[in-house]
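Chemist: What follows is a single structure, and I will ask about it in a moment.
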There are 2 protein chains.
Amino acid sequence: MNNKIQIFVPATVANVACGFDVLGFCLDQIGDGMLIRQVDTPGIRITKIQGCELPYDIESNVAGVSAKAMYDALKPKCGFEIEIHKGIKPGSGIGSSAASAVGSVFGMNELLGRPYDKRELTAFAMKGEAVASKSEHADNLAPAIYGGFTMVRNIHPLDIIQVPTPRDLFATIIYPQIEIKTSEARAILPKQIPIKDAIQQWANLGSLVHALHTSDYELIQRSLIDIIVEPHRKQLIPKYDQIKARAMEAGALGCSISGSGPSMFALSKGEATAQHVKDRFEQAYADTDIESQTFVSRINTQGIKIL
Amino acid sequence: MNNKIQIFVPATVANVACGFDVLGFCLDQIGDGMLIRQVDTPGIRITKIQGCELPYDIESNVAGVSAKAMYDALKPKCGFEIEIHKGIKPGSGIGSSAASAVGSVFGMNELLGRPYDKRELTAFAMKGEAVASKSEHADNLAPAIYGGFTMVRNIHPLDIIQVPTPRDLFATIIYPQIEIKTSEARAILPKQIPIKDAIQQWANLGSLVHALHTSDYELIQRSLIDIIVEPHRKQLIPKYDQIKARAMEAGALGCSISGSGPSMFALSKGEATAQHVKDRFEQAYADTDIESQTFVSRINTQGIKIL
């Protein structure tokens with residue numbers, strides 16, 4: 001037996017401003033390549049990792065952990081070999097671990113004739129994601145698997161909602177190559193927040209969901225506000241306010257932290273504006289020694305795909 | 001000049017579970033009647049109040065205050081006389097003061113040839129509502145004026161969103177005739193809440209908005225949860241847990257506090273289920289000396305109307 005599948009696993013943006021811990025969307029222009037081979041020898045093996053240094057041990061590799069969770073549940077007679085070609089740098093804040101966690105289970109599921117649906121795949125992938133982030137969450141996994149905008153209403157049991165994607169919505173990403181420790185990004189958040197701020201945040205998330213349904217770009221703009229998390233976490237990203245100002249000056253609908261950073265995302269109506277935001281992002285760290293990458297992406301409504 | 005208009009001003013439900021301070025919907029079967037007369041003598045006068053005791057002084061009457069706010073802004077040469085026939089008991093928690101505040105400005109606006117749009121009418125009505133509730137809010141006003149489900153994203157400036165109403169959604173109301181002081185209902189709420197609870201609440205509100213857009217009744221059911229306000233305010237309503245249990249046993253999608261109470265609302269799919277909830281509500285206070293009223297209502301997608 002030597003059945004194999006090659007897949008593209010997209011990068012994703014979680015914590016979309018007012019949608020902290022709930023809302024995410026899927027990118028198109030950046031992602032990992034993975035190759036999954038179905039073999040006779042039982043078990044899961046990671047046979048190649050390119051693009052960055054990650055463990056081959058399947059108990060410590062995110063892709064391995066999620067693969068093993070699915071493998072142990074299904075108990076197939078065959079085995080699987082996994083090759084990972086990382087296009088998304090770990091720690092960039094655009095769903096690197098989620099991509100790895102998703103890719104292995106998606107590929108195995110395809111090779112096995114799709115015994116599991118997308119929700120079940122997300123649940124297996126969550127086991128891998130938990131290794132990377134020390135907590136179970138699905139806000140990067142869901143958009144990688146479903147595509148477009150997703151909300152994770154609940155984790156146990158998993159309740160994932162696909163929200164429509166307005167046709168002209170484009171994302172611009174800037175990834176300043178600094179390290180933010182997940183533990184630090186978490187510790188900086190308050191455990192308690194004022195109820196009046198929470199109300200404002202859920203008014204904005206409710207409105208954003210409505211705006212995505214109705215392609216109301218002006219309402220997207222009015223709603224893409226995060227008064228809970230951004231004020232704390234932005235301190236971890238050099239020049240945050242200036243970069244956000246660049247995006248808004250260039251005509252973006254909104255700009256906030258992608259995941260727990262250090263990447264930032266902007267959403268714009270139309271590719272030209274998104275490109276204009278990218279142009280303004282490119283010089284953002286010019287007077288510093290911080291390297292940065294920028295790119296424009298359509299919202300990827302398909303999600304993970306077979307190449 | 002003796003131009004007059006007779007209107008029906010509907011009762012409304014605010015604070016719809018996860019939508020505290022933001023989401024509201026409009027009822028059909030209960031409301032106030034108002035008659036507005038355009039007269040030559042300048043100024044605003046309240047000429048009749050039926051159904052309950054309320055002040056005739058326009059500076060202290062909710063309908064008078066909102067009417068005066070609009071009158072002072074527009075400065076028409078004529079005057080207006082207002083008759084109020086209260087069908088909604090003040091303090092019942094289904095938007096009594098909002099109905100009064102809305103009715104006068106809506107009626108005057110019609111008689112004057114609609115110089116103002118719905119958003120502007122809401123802003124004038126907010127001045128009246130503020131007299132009753134000691135704070136400016138629009139979560140009962142907006143559904144009374146727009147009909148259906150509304151979200152108030154922001155107060156200054158007013159940002160009101162009309163969310164679609166699934167066709168088969170019906171409300172059941174129980175109004176236990178006890179008094180809850182607004183000040184007490186407010187004081188019982190915590191100023192600070194755990195961020196993890198806030199996240200769960202906004203996940204539910206985002207999902208509820210999606211569910212209203214997609215007529216996904218199962219998701220409405222999963223989302224109609226309030227973990228922030230209900231645990232505190234339910235203490236003010238006798239037999240709250242038993243009444244809610246009655247609604248859920250009868251097949252309701254959800255049940256929570258209407259406004260700041262004492263009324264409670266349930267939402268159901270289909271009129272038969274809503275009626276079944278009403279039947280179960282009717283005996284809820286049978287073993288107490290609390291009087292209660294119950295009724296079933298379609299969601300009123302039209303809002304306030306001319307008779």
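Note on naming: chains are A, B, ... as they come in the structure tokens, residues start from 1 per chain, ligands start from 1 in the order shown.
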Provide as JSON, numbers by chain the residues of chain B at most 10 Å from chain A, counting only C-alpha atoms.
Modeler: {"B": [18, 19, 20, 21, 22, 23, 151, 152, 153, 154, 159, 160, 161, 162, 163, 164, 189, 190, 191, 192, 193, 194, 195, 196, 197, 198, 199, 200, 201, 202, 203, 204, 205, 206, 207, 208, 209, 210, 211, 212, 213, 214, 219, 222, 223, 228, 229]}
Chemist: Generate a file of the selected residues that holds N, CA and C atoms, formatted as a compact mmCIF listing (two decimals), in the first residue's frame.
Modeler:
```txt
# COMPACT_ATOMS: atom_id res chain seq x y z
N CYS B 18 -28.42 36.39 26.38
CA CYS B 18 -27.03 36.77 26.12
C CYS B 18 -26.90 38.20 25.57
N GLY B 19 -28.00 38.82 25.20
CA GLY B 19 -27.93 40.14 24.57
C GLY B 19 -28.15 41.29 25.53
N PHE B 20 -27.74 41.11 26.78
CA PHE B 20 -27.95 42.14 27.81
C PHE B 20 -27.51 43.53 27.35
N ASP B 21 -28.43 44.48 27.48
CA ASP B 21 -28.19 45.90 27.17
C ASP B 21 -28.06 46.19 25.68
N VAL B 22 -28.29 45.20 24.84
CA VAL B 22 -28.01 45.35 23.41
C VAL B 22 -29.20 44.90 22.55
N LEU B 23 -29.68 43.69 22.81
CA LEU B 23 -30.68 43.06 21.95
C LEU B 23 -32.08 43.25 22.52
N MET B 151 -30.58 45.37 17.53
CA MET B 151 -29.42 45.52 18.41
C MET B 151 -29.07 47.00 18.47
N VAL B 152 -28.78 47.46 19.66
CA VAL B 152 -28.26 48.82 19.81
C VAL B 152 -26.76 48.67 20.04
N ARG B 153 -26.00 48.91 18.97
CA ARG B 153 -24.55 48.72 19.06
C ARG B 153 -23.92 49.83 19.89
N ASN B 154 -24.48 51.02 19.75
CA ASN B 154 -23.90 52.18 20.41
C ASN B 154 -24.97 53.23 20.66
N ASP B 159 -26.49 53.72 17.09
CA ASP B 159 -26.21 52.78 15.99
C ASP B 159 -27.14 51.58 16.21
N ILE B 160 -28.20 51.53 15.43
CA ILE B 160 -29.24 50.51 15.61
C ILE B 160 -29.25 49.56 14.43
N ILE B 161 -29.27 48.28 14.72
CA ILE B 161 -29.21 47.25 13.68
C ILE B 161 -30.48 46.41 13.74
N GLN B 162 -31.11 46.21 12.60
CA GLN B 162 -32.30 45.35 12.53
C GLN B 162 -31.86 43.95 12.14
N VAL B 163 -32.12 43.02 13.04
CA VAL B 163 -31.74 41.63 12.81
C VAL B 163 -32.99 40.89 12.32
N PRO B 164 -32.85 39.99 11.35
CA PRO B 164 -34.03 39.30 10.83
C PRO B 164 -34.75 38.47 11.91
N LEU B 189 -26.15 43.84 40.16
CA LEU B 189 -25.18 43.39 39.14
C LEU B 189 -23.76 43.70 39.56
N PRO B 190 -22.83 42.77 39.30
CA PRO B 190 -21.43 43.06 39.62
C PRO B 190 -20.87 44.11 38.66
N LYS B 191 -19.96 44.92 39.14
CA LYS B 191 -19.32 45.92 38.27
C LYS B 191 -18.26 45.25 37.41
N GLN B 192 -17.66 44.21 37.98
CA GLN B 192 -16.60 43.48 37.28
C GLN B 192 -17.07 42.04 37.07
N ILE B 193 -16.71 41.47 35.93
CA ILE B 193 -17.08 40.08 35.67
C ILE B 193 -15.86 39.32 35.15
N PRO B 194 -15.83 38.01 35.35
CA PRO B 194 -14.68 37.23 34.85
C PRO B 194 -14.62 37.30 33.32
N ILE B 195 -13.44 37.49 32.79
CA ILE B 195 -13.28 37.59 31.33
C ILE B 195 -13.76 36.30 30.66
N LYS B 196 -13.58 35.16 31.31
CA LYS B 196 -14.01 33.90 30.69
C LYS B 196 -15.53 33.82 30.56
N ASP B 197 -16.25 34.42 31.50
CA ASP B 197 -17.71 34.47 31.38
C ASP B 197 -18.13 35.43 30.26
N ALA B 198 -17.42 36.55 30.18
CA ALA B 198 -17.74 37.53 29.14
C ALA B 198 -17.55 36.90 27.76
N ILE B 199 -16.49 36.12 27.61
CA ILE B 199 -16.21 35.45 26.32
C ILE B 199 -17.36 34.50 25.97
N GLN B 200 -17.80 33.74 26.96
CA GLN B 200 -18.90 32.80 26.71
C GLN B 200 -20.17 33.56 26.31
N GLN B 201 -20.38 34.70 26.96
CA GLN B 201 -21.58 35.49 26.66
C GLN B 201 -21.51 36.03 25.23
N TRP B 202 -20.34 36.54 24.81
CA TRP B 202 -20.30 37.11 23.46
C TRP B 202 -20.28 36.02 22.39
N ALA B 203 -19.77 34.86 22.75
CA ALA B 203 -19.90 33.72 21.82
C ALA B 203 -21.38 33.40 21.60
N ASN B 204 -22.15 33.45 22.68
CA ASN B 204 -23.57 33.16 22.56
C ASN B 204 -24.32 34.25 21.80
N LEU B 205 -23.98 35.51 22.05
CA LEU B 205 -24.68 36.58 21.32
C LEU B 205 -24.35 36.53 19.83
N GLY B 206 -23.05 36.36 19.53
CA GLY B 206 -22.67 36.23 18.11
C GLY B 206 -23.43 35.09 17.45
N SER B 207 -23.55 33.98 18.15
CA SER B 207 -24.24 32.81 17.61
C SER B 207 -25.73 33.06 17.47
N LEU B 208 -26.30 33.77 18.43
CA LEU B 208 -27.74 34.07 18.36
C LEU B 208 -28.04 34.96 17.15
N VAL B 209 -27.18 35.94 16.91
CA VAL B 209 -27.38 36.81 15.74
C VAL B 209 -27.31 35.97 14.46
N HIS B 210 -26.34 35.08 14.40
CA HIS B 210 -26.23 34.18 13.24
C HIS B 210 -27.49 33.32 13.11
N ALA B 211 -27.97 32.80 14.24
CA ALA B 211 -29.14 31.92 14.24
C ALA B 211 -30.40 32.66 13.79
N LEU B 212 -30.51 33.95 14.16
CA LEU B 212 -31.66 34.73 13.71
C LEU B 212 -31.59 34.96 12.20
N HIS B 213 -30.38 35.15 11.70
CA HIS B 213 -30.20 35.32 10.25
C HIS B 213 -30.53 34.06 9.47
N THR B 214 -30.26 32.92 10.06
CA THR B 214 -30.38 31.66 9.31
C THR B 214 -31.61 30.85 9.74
N LEU B 219 -29.83 26.40 17.04
CA LEU B 219 -28.77 27.30 17.48
C LEU B 219 -29.34 28.41 18.36
N ARG B 222 -29.40 26.80 21.65
CA ARG B 222 -28.07 26.66 22.29
C ARG B 222 -27.50 28.01 22.73
N SER B 223 -27.93 29.09 22.06
CA SER B 223 -27.34 30.41 22.33
C SER B 223 -28.08 31.23 23.37
N ILE B 228 -24.25 35.98 32.78
CA ILE B 228 -23.75 37.18 33.46
C ILE B 228 -24.81 37.80 34.38
N VAL B 229 -25.97 38.04 33.84
CA VAL B 229 -26.97 38.84 34.55
C VAL B 229 -28.00 37.96 35.26
```
Chemist: Please provide as a PyMOL selection string all residues within 10 Å of Ala272 (chain A), with the sequence filter that same-chain residues fewer than 3 positions apart are discarded (counting only C-alpha atoms).
Modeler: chain A and resi 170+251+268-269+275-278+296
Chemist: Using the selection just defined, write its residues with C-alpha atoms as a short mmCIF file (atom, residue, chain, number, x, y, z; two decimals), in the first residue's frame.
Modeler:
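Written out: out31.cif:
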```cif
data_model
loop_
_atom_site.label_atom_id
_atom_site.label_comp_id
_atom_site.auth_asym_id
_atom_site.auth_seq_id
_atom_site.Cartn_x
_atom_site.Cartn_y
_atom_site.Cartn_z
CA PHE A 170 -9.38 41.24 1.93
CA GLY A 251 -8.51 52.98 4.28
CA SER A 268 -10.25 46.10 3.85
CA LYS A 269 -12.95 46.40 1.25
CA GLN A 275 -2.60 46.38 -1.12
CA HIS A 276 -2.40 50.02 -0.10
CA VAL A 277 -2.40 48.91 3.56
CA LYS A 278 0.42 46.49 2.74
CA VAL A 296 -2.31 40.53 1.24
#
```
Chemist: For Pro262 (chain B), list every protein, DNA or RNA residue within 8 Å, evaluated using only C-alpha atoms, and leave out those in the same chain fewer than 4 positions away; present the list as a list of chain:residue names.
Modeler: B:Gly91, B:Ser92, B:Gly93, B:Tyr175, B:Pro176, B:Gln177, B:Ile178, B:Glu179, B:Ile180, B:Leu236, B:Ile237, B:Ile257, B:Ser258
Chemist: From a backbone DSSP assignment, name each residue in region 91-146 of chain A labelled alpha helix (DSSP H), as number ranges by chain.
Modeler: A: 96-111, 118-133, 141-146
Chemist: Please dump the current selection as a compact mmCIF listing (two decimals), in the first residue's frame; keep N, CA and C atoms.
Modeler:
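Produced file again_29.txt, reproduced below:
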```
# COMPACT_ATOMS: atom_id res chain seq x y z
N SER A 96 0.05 28.79 13.10
CA SER A 96 1.03 27.80 12.67
C SER A 96 0.74 26.42 13.28
N SER A 97 0.55 26.36 14.58
CA SER A 97 0.29 25.06 15.21
C SER A 97 -1.05 24.50 14.76
N ALA A 98 -2.03 25.38 14.57
CA ALA A 98 -3.35 24.92 14.10
C ALA A 98 -3.21 24.24 12.73
N ALA A 99 -2.40 24.83 11.86
CA ALA A 99 -2.22 24.26 10.52
C ALA A 99 -1.65 22.85 10.62
N SER A 100 -0.64 22.69 11.45
CA SER A 100 -0.05 21.36 11.61
C SER A 100 -1.05 20.37 12.19
N ALA A 101 -1.81 20.83 13.19
CA ALA A 101 -2.77 19.96 13.86
C ALA A 101 -3.88 19.51 12.92
N VAL A 102 -4.28 20.42 12.07
CA VAL A 102 -5.38 20.17 11.14
C VAL A 102 -4.92 19.28 9.97
N GLY A 103 -3.73 19.59 9.46
CA GLY A 103 -3.27 18.94 8.23
C GLY A 103 -3.20 17.43 8.35
N SER A 104 -2.63 16.93 9.44
CA SER A 104 -2.45 15.48 9.56
C SER A 104 -3.79 14.76 9.63
N VAL A 105 -4.73 15.27 10.41
CA VAL A 105 -6.01 14.56 10.54
C VAL A 105 -6.85 14.69 9.27
N PHE A 106 -6.78 15.85 8.64
CA PHE A 106 -7.52 16.03 7.38
C PHE A 106 -7.01 15.05 6.31
N GLY A 107 -5.69 14.98 6.20
CA GLY A 107 -5.09 14.09 5.18
C GLY A 107 -5.41 12.63 5.45
N MET A 108 -5.26 12.19 6.68
CA MET A 108 -5.57 10.80 7.04
C MET A 108 -7.04 10.49 6.76
N ASN A 109 -7.90 11.43 7.12
CA ASN A 109 -9.34 11.25 6.93
C ASN A 109 -9.68 11.06 5.44
N GLU A 110 -9.01 11.85 4.60
CA GLU A 110 -9.24 11.72 3.15
C GLU A 110 -8.80 10.34 2.67
N LEU A 111 -7.60 9.92 3.11
CA LEU A 111 -7.05 8.63 2.67
C LEU A 111 -7.92 7.46 3.14
N LYS A 118 -16.21 17.41 9.53
CA LYS A 118 -15.31 18.52 9.86
C LYS A 118 -15.26 18.81 11.36
N ARG A 119 -16.42 18.66 11.99
CA ARG A 119 -16.46 18.94 13.42
C ARG A 119 -15.61 17.92 14.19
N GLU A 120 -15.70 16.67 13.80
CA GLU A 120 -14.91 15.63 14.46
C GLU A 120 -13.41 15.83 14.19
N LEU A 121 -13.09 16.25 12.96
CA LEU A 121 -11.68 16.53 12.66
C LEU A 121 -11.17 17.66 13.55
N THR A 122 -12.01 18.68 13.74
CA THR A 122 -11.61 19.80 14.60
C THR A 122 -11.34 19.31 16.02
N ALA A 123 -12.16 18.39 16.49
CA ALA A 123 -11.98 17.87 17.85
C ALA A 123 -10.65 17.12 17.98
N PHE A 124 -10.29 16.31 16.97
CA PHE A 124 -8.98 15.64 17.01
C PHE A 124 -7.85 16.67 16.94
N ALA A 125 -8.01 17.64 16.05
CA ALA A 125 -6.96 18.65 15.89
C ALA A 125 -6.77 19.44 17.18
N MET A 126 -7.83 19.59 17.94
CA MET A 126 -7.76 20.33 19.20
C MET A 126 -6.77 19.68 20.16
N LYS A 127 -6.63 18.35 20.08
CA LYS A 127 -5.67 17.65 20.94
C LYS A 127 -4.24 18.07 20.60
N GLY A 128 -3.99 18.26 19.30
CA GLY A 128 -2.67 18.72 18.89
C GLY A 128 -2.44 20.17 19.27
N GLU A 129 -3.44 20.99 19.00
CA GLU A 129 -3.34 22.42 19.31
C GLU A 129 -3.05 22.63 20.80
N ALA A 130 -3.62 21.76 21.62
CA ALA A 130 -3.44 21.89 23.08
C ALA A 130 -1.98 21.71 23.48
N VAL A 131 -1.26 20.89 22.73
CA VAL A 131 0.17 20.68 23.02
C VAL A 131 0.94 21.98 22.80
N ALA A 132 0.56 22.69 21.75
CA ALA A 132 1.28 23.93 21.43
C ALA A 132 0.90 25.07 22.36
N SER A 133 -0.38 25.15 22.69
CA SER A 133 -0.82 26.36 23.40
C SER A 133 -1.21 26.10 24.84
N LEU A 141 -8.26 26.50 14.44
CA LEU A 141 -8.55 25.22 13.77
C LEU A 141 -9.78 25.33 12.88
N ALA A 142 -10.84 25.91 13.43
CA ALA A 142 -12.12 25.93 12.72
C ALA A 142 -12.01 26.64 11.36
N PRO A 143 -11.43 27.86 11.31
CA PRO A 143 -11.34 28.48 9.98
C PRO A 143 -10.42 27.71 9.03
N ALA A 144 -9.38 27.04 9.56
CA ALA A 144 -8.50 26.25 8.67
C ALA A 144 -9.27 25.09 8.04
N ILE A 145 -10.16 24.48 8.81
CA ILE A 145 -10.91 23.32 8.30
C ILE A 145 -12.14 23.74 7.49
N TYR A 146 -12.87 24.73 7.97
CA TYR A 146 -14.14 25.11 7.32
C TYR A 146 -13.95 26.20 6.26
```
Chemist: Please return, as a VMD selection string, all residues of region 16-103 of chain B that DSSP assigns to strand (DSSP E or B) on the basis of the backbone.
Modeler: chain B and resid 23 to 39 43 to 50 79 to 85
Chemist: Between CA of Arg114 (chain A) and CA of Arg45 (chain A), what is the distance in Å, rounded to a tenth?
Modeler: 20.5 Å
Chemist: Show me, as a ChimeraX atom specification, the residues that have an atom within 7 Å of Lys305 (chain B) when counting only C-alpha atoms, minus same-chain residues fewer than 6 positions from it.
Modeler: /B:7-9
Chemist: What does the structure give for the distance between CA of Lys4 (chain B) and CA of Ile30 (chain B), in Å to one decimal?
Modeler: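 We find that CA of Lys4 (chain B) and CA of Ile30 (chain B) lie 22.5 Å from each other.
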Chemist: Which residues come within 8 Å of Glu81 (chain B), counting only C-alpha atoms, excluding same-chain residues fewer than 5 positions away, as JSON, numbers by chain?
Modeler: {"B": [36, 37, 38, 39, 44, 45, 46, 47]}
Chemist: Could you pull the residues within 7 Å of Leu35 (chain B), counting only C-alpha atoms, minus those fewer than 2 positions along the same chain, as a list in words?
Modeler: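 Returned residues: Ile5, Gln6, Ile7, Gly33, Arg37, Ile82, Glu83 and Ile84 of chain B.
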Chemist: Which is closer to Gln242 (chain B) than all the others in B:Ile225, B:Met264, B:Val13, B:Ala171, using only C-alpha atoms?
Modeler: B:Met264
Chemist: Using only C-alpha atoms, can you tell me which of A:Leu169, A:Leu158, A:Ile49, A:Ala274 comes closest to Gly64 (chain A)?
Modeler: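 Counting only C-alpha atoms, the residue closest to Gly64 (chain A) is A:Ile49.
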Chemist: Any idea what's packed within 12 Å of Lys77 (chain B), counting only C-alpha atoms, ignoring anything in its chain fewer than 6 positions away? Could you give it as number ranges by chain?
Modeler: B: 1, 38-44, 71, 112
Chemist: Grab the CA of Ala63 (chain A) to CA of Ile188 (chain A) distance for me, in Å with one decimal place.
Modeler: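 Atom-to-atom, CA of Ala63 (chain A) and CA of Ile188 (chain A) are spaced 28.5 Å apart.
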